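Colleague: Pasting a structure below so you can have a look.
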Amino acid sequence: MHHKKPPFIAGNWKMHMTIPEARALISAVVKASPGLSEAEIVLVPPFTALAEASRLLLDTPVQLGAQNLFYEDKGAFTGEVAGPMLADAGCRYVVIGHSERRQYFGETDALVNKKVFAAFRAGLKPIVCVGETLEEREAGRTISRIESQLRNGLAGITADRFAEVVLAYEPIWAIGTGKTAAASQAEEVHARIREKLAENYGKEAASYAIILYGGSVKPANSYALFREKNIDGFLVGGASLEAESFIQITKEAIKAYKEEQ
Ligand code: PEP
């Protein structure tokens with residue numbers, strides 16, 4: 001049986017936030033965190049703010065993640081950041097295969113797969129993003145696209161290892177567009193993802209898997225989305241840049257979670 005898990009809410013700041021701005025946002029989230037204790041909160045600042053974020057998050061329940069990593073652990077790769085560096089900077093999570101990386105930086109499922117293994121080597125938990133384009137959705141290829149992203153992106157990962165993976169379903173047409181997938185639309189895909197995970201890793205691993213939804217999550221849709229059986233939390237972009245909306249999204253998810261208990 002699949003039981004509702006506590007909400008997992010990650011804030012992807014993308015290419016925003018100077019160090020002073022990061023400080024203010026982090027302080028506000030940390031200040032609110034005692035009232036959000038049912039949720040697992042992960043902040044995902046740009047690389048430049050990680051060390052400061054880590055310092056501010058020390059001894060708080062709020063976790064730190066990075067937005068990307070390179071698949072080698074060190075070496076002559078100018079401009080890249082390695083998994084051990086992220087772990088050293090205080091990260092526990094790393095986002096891999098965000099649709100913006102796939103779209104603008106040519107990241108493929110094969111690259112995603114290498115990065116997932118690099119994250120494991122560094123002791124980081126990968127947040128692996130999958131999702132279809134509008135064109136794929138309209139052509140009825142949503143599920144096949146996501147299945148191939150999962151198959152290739154997670155190739156070679158054993159059920160044991162899979163327990164460390166967080167998945168994020170992010171329909172590309174819903175990211176940064178203000179167009180959220182309807183809760184039932186998102187749930188349909190989440191349920192299929194969980195079925196697929198059960199085939200690949202067994203029912204138990206699939207039931208424990210955290211599957212986030214991402215794409216224009218806001219305070220106004222958080223509750224309805226989190227009420228859905230297979231939605232375990234959110235990867236929030238735009239609305240994570242302001243403490244108030246990020247905290248409110250978390251509160252709405254907690255409210256939905258408590259009603260399920
Ligand atoms: C994201 O960055 O993963 C995202 C879902 O962005 P937004 O919430 O702005 O659509």
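Quick note on naming: the chains in the structure tokens go A, B, ... in the order shown, residues restart at 1 in each chain, and ligands are numbered from 1 in order of appearance.
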Would you list the contacts of Lys5 in chain A as a VMD selection string, taking every protein, DNA or RNA residue within 9 Å and counting only C-alpha atoms, but skipping same-chain residues closer than 4 positions in sequence?

Modeller: chain A and resid 208 210 232 to 233 257

Colleague: Let me see the file: selected residues, N, CA, C and O atoms, as a PDB file, in the first residue's frame.

Modeller:
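What ended up in selection-v1.pdb:
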ATOM      1  N   TYR A 208       7.971   3.899  -1.286  1.00  0.00           N
ATOM      2  CA  TYR A 208       8.779   4.856  -0.512  1.00  0.00           C
ATOM      3  C   TYR A 208       9.330   6.000  -1.354  1.00  0.00           C
ATOM      4  O   TYR A 208       9.759   7.023  -0.816  1.00  0.00           O
ATOM      5  N   ILE A 210      10.078   9.217  -3.329  1.00  0.00           N
ATOM      6  CA  ILE A 210       9.538  10.578  -3.266  1.00  0.00           C
ATOM      7  C   ILE A 210       9.437  11.099  -4.700  1.00  0.00           C
ATOM      8  O   ILE A 210      10.438  11.191  -5.408  1.00  0.00           O
ATOM      9  N   ASP A 232       4.243  13.746  -3.691  1.00  0.00           N
ATOM     10  CA  ASP A 232       4.887  13.737  -2.367  1.00  0.00           C
ATOM     11  C   ASP A 232       5.505  15.072  -1.990  1.00  0.00           C
ATOM     12  O   ASP A 232       6.109  15.188  -0.922  1.00  0.00           O
ATOM     13  N   GLY A 233       5.413  16.038  -2.878  1.00  0.00           N
ATOM     14  CA  GLY A 233       5.987  17.349  -2.578  1.00  0.00           C
ATOM     15  C   GLY A 233       6.230  18.099  -3.868  1.00  0.00           C
ATOM     16  O   GLY A 233       5.735  17.693  -4.925  1.00  0.00           O
ATOM     17  N   TYR A 257      -1.494  17.278   4.077  1.00  0.00           N
ATOM     18  CA  TYR A 257      -0.891  16.081   4.673  1.00  0.00           C
ATOM     19  C   TYR A 257      -1.610  15.707   5.971  1.00  0.00           C
ATOM     20  O   TYR A 257      -1.979  14.547   6.190  1.00  0.00           O
TER      21      TYR A 257
END

Colleague: Hey, which residues sit close to ligand 1? Say within 7 Å, counting only C-alpha atoms and all ligand atoms, and write them as a list of chain:residue names.

Modeller: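 Those residues are A:Asn12, A:Lys14, A:His98, A:Glu170, A:Ala174, A:Ile175, A:Gly176, A:Thr177, A:Gly178, A:Gly214, A:Gly215, A:Ser216, A:Val217, A:Leu235, A:Val236, A:Gly237, A:Gly238, A:Ala239.
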
Colleague: What would the file look like if the residues just selected were written as a CSV table (one decimal), in the first residue's frame with N, CA and C atoms?

Modeller:
chain,number,residue,atom,x,y,z
A,12,ASN,N,14.0,25.8,-5.8
A,12,ASN,CA,15.1,25.9,-6.8
A,12,ASN,C,15.2,27.4,-7.2
A,14,LYS,N,17.3,28.8,-9.1
A,14,LYS,CA,17.8,29.1,-10.5
A,14,LYS,C,19.0,30.1,-10.4
A,98,HIS,N,17.5,19.0,-14.8
A,98,HIS,CA,16.4,20.0,-14.8
A,98,HIS,C,16.1,20.3,-16.3
A,170,GLU,N,8.3,17.3,-13.9
A,170,GLU,CA,8.1,18.7,-14.3
A,170,GLU,C,7.7,18.8,-15.7
A,174,ALA,N,4.8,23.7,-18.1
A,174,ALA,CA,4.3,24.3,-16.9
A,174,ALA,C,5.4,25.0,-16.1
A,175,ILE,N,6.6,24.9,-16.6
A,175,ILE,CA,7.7,25.6,-15.8
A,175,ILE,C,7.9,27.0,-16.2
A,176,GLY,N,7.7,27.9,-15.2
A,176,GLY,CA,7.9,29.3,-15.3
A,176,GLY,C,6.9,29.9,-16.3
A,177,THR,N,5.8,29.2,-16.6
A,177,THR,CA,4.9,29.7,-17.5
A,177,THR,C,3.6,30.2,-16.8
A,178,GLY,N,3.5,29.9,-15.6
A,178,GLY,CA,2.2,30.2,-14.9
A,178,GLY,C,1.2,29.1,-15.1
A,214,GLY,N,6.7,19.6,-10.2
A,214,GLY,CA,7.2,21.0,-10.4
A,214,GLY,C,6.6,21.6,-11.6
A,215,GLY,N,6.3,22.9,-11.5
A,215,GLY,CA,5.7,23.6,-12.7
A,215,GLY,C,4.7,24.6,-12.1
A,216,SER,N,5.2,25.8,-11.9
A,216,SER,CA,4.3,26.9,-11.4
A,216,SER,C,3.5,26.5,-10.2
A,217,VAL,N,4.2,25.9,-9.2
A,217,VAL,CA,3.5,25.7,-7.9
A,217,VAL,C,3.5,27.0,-7.2
A,235,LEU,N,8.9,20.7,-6.4
A,235,LEU,CA,10.1,21.5,-6.7
A,235,LEU,C,9.6,22.8,-7.2
A,236,VAL,N,9.9,23.8,-6.4
A,236,VAL,CA,9.3,25.1,-6.7
A,236,VAL,C,10.4,26.1,-7.2
A,237,GLY,N,10.1,26.7,-8.4
A,237,GLY,CA,11.0,27.7,-8.9
A,237,GLY,C,10.7,29.1,-8.5
A,238,GLY,N,10.0,29.8,-9.4
A,238,GLY,CA,9.6,31.2,-9.1
A,238,GLY,C,9.1,31.5,-7.8
A,239,ALA,N,8.2,30.7,-7.3
A,239,ALA,CA,7.6,31.0,-6.0
A,239,ALA,C,8.5,30.7,-4.8

Colleague: Taking the backbone alone, and naming residues the way the document does, which bits of range 73-155 of chain A are strand (DSSP E or B) by DSSP, as a ChimeraX atom specification?

Modeller: /A:82,93-96,125-130

Colleague: Choose the residue, out of A:Thr158, A:Ile143, A:Glu260, A:Gly83, that has the smallest atom-to-atom separation from Gly123 in chain A; count only C-alpha atoms.

Modeller: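 Of A:Thr158, A:Ile143, A:Glu260, A:Gly83, the one nearest Gly123 in chain A is A:Gly83, counting only C-alpha atoms.
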
Colleague: Under the rule that only C-alpha atoms are counted, which of A:Gln103, A:Thr108, A:Thr250, A:Ser184 is the nearest residue to Ser148 in chain A?

Modeller: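 Checking each of A:Gln103, A:Thr108, A:Thr250, A:Ser184 against Ser148 in chain A, counting only C-alpha atoms, the winner is A:Thr108.
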
Colleague: If you run DSSP on this backbone, which residues of range 90-252 of chain A come out as helix (DSSP H, G or I), and could you give them as a PyMOL selection string?

Modeller: chain A and resi 99-105+109-121+134-138+142-153+159-162+172-174+183-201+203-208+219-227+238-240+243-252

Colleague: Tell me which protein, DNA and RNA residues are within 12 Å of Leu86 in chain A, counting only C-alpha atoms, leaving out same-chain ones fewer than 4 positions away, and put them as a PyMOL selection string.

Modeller: chain A and resi 44-51+54+64-70+73-74+80-82+90-95+118-126

Colleague: Can you work out the spacing between CA of Gly97 in chain A and CA of Asp109 in chain A in Å, to one decimal?

Modeller: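 Atom-to-atom, CA of Gly97 in chain A to CA of Asp109 in chain A, that is 7.7 Å.
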
Colleague: Name the closest residue to Tyr169 in chain A among the candidates A:Pro219, A:Gly131, A:Pro7, A:Gly156; distances are taken between atoms, counting only C-alpha atoms.

Modeller: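 For Tyr169 in chain A, the nearest of the candidates is A:Gly131.
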
Colleague: Could you give me, as a PyMOL selection string, the residues within 10 Å of Ile231 in chain A, counting only C-alpha atoms and dropping anything in the same chain fewer than 6 positions from it?

Modeller: chain A and resi 4-5+7-8+168-169+183+186-191+210-213+225

Colleague: So, with only C-alpha atoms as the atoms that count, which of A:Met85, A:Ala243, A:Phe226, A:Tyr201 lies closest to Lys31 in chain A?

Modeller: A:Ala243

Colleague: Which residues come within 12 Å of Gln248 in chain A, counting only C-alpha atoms, excluding same-chain residues fewer than 6 positions away, as an MDAnalysis selection string?

Modeller: chainID A and resid 9 29 32:33 35:36 217:223 236 239:240 242 254:255
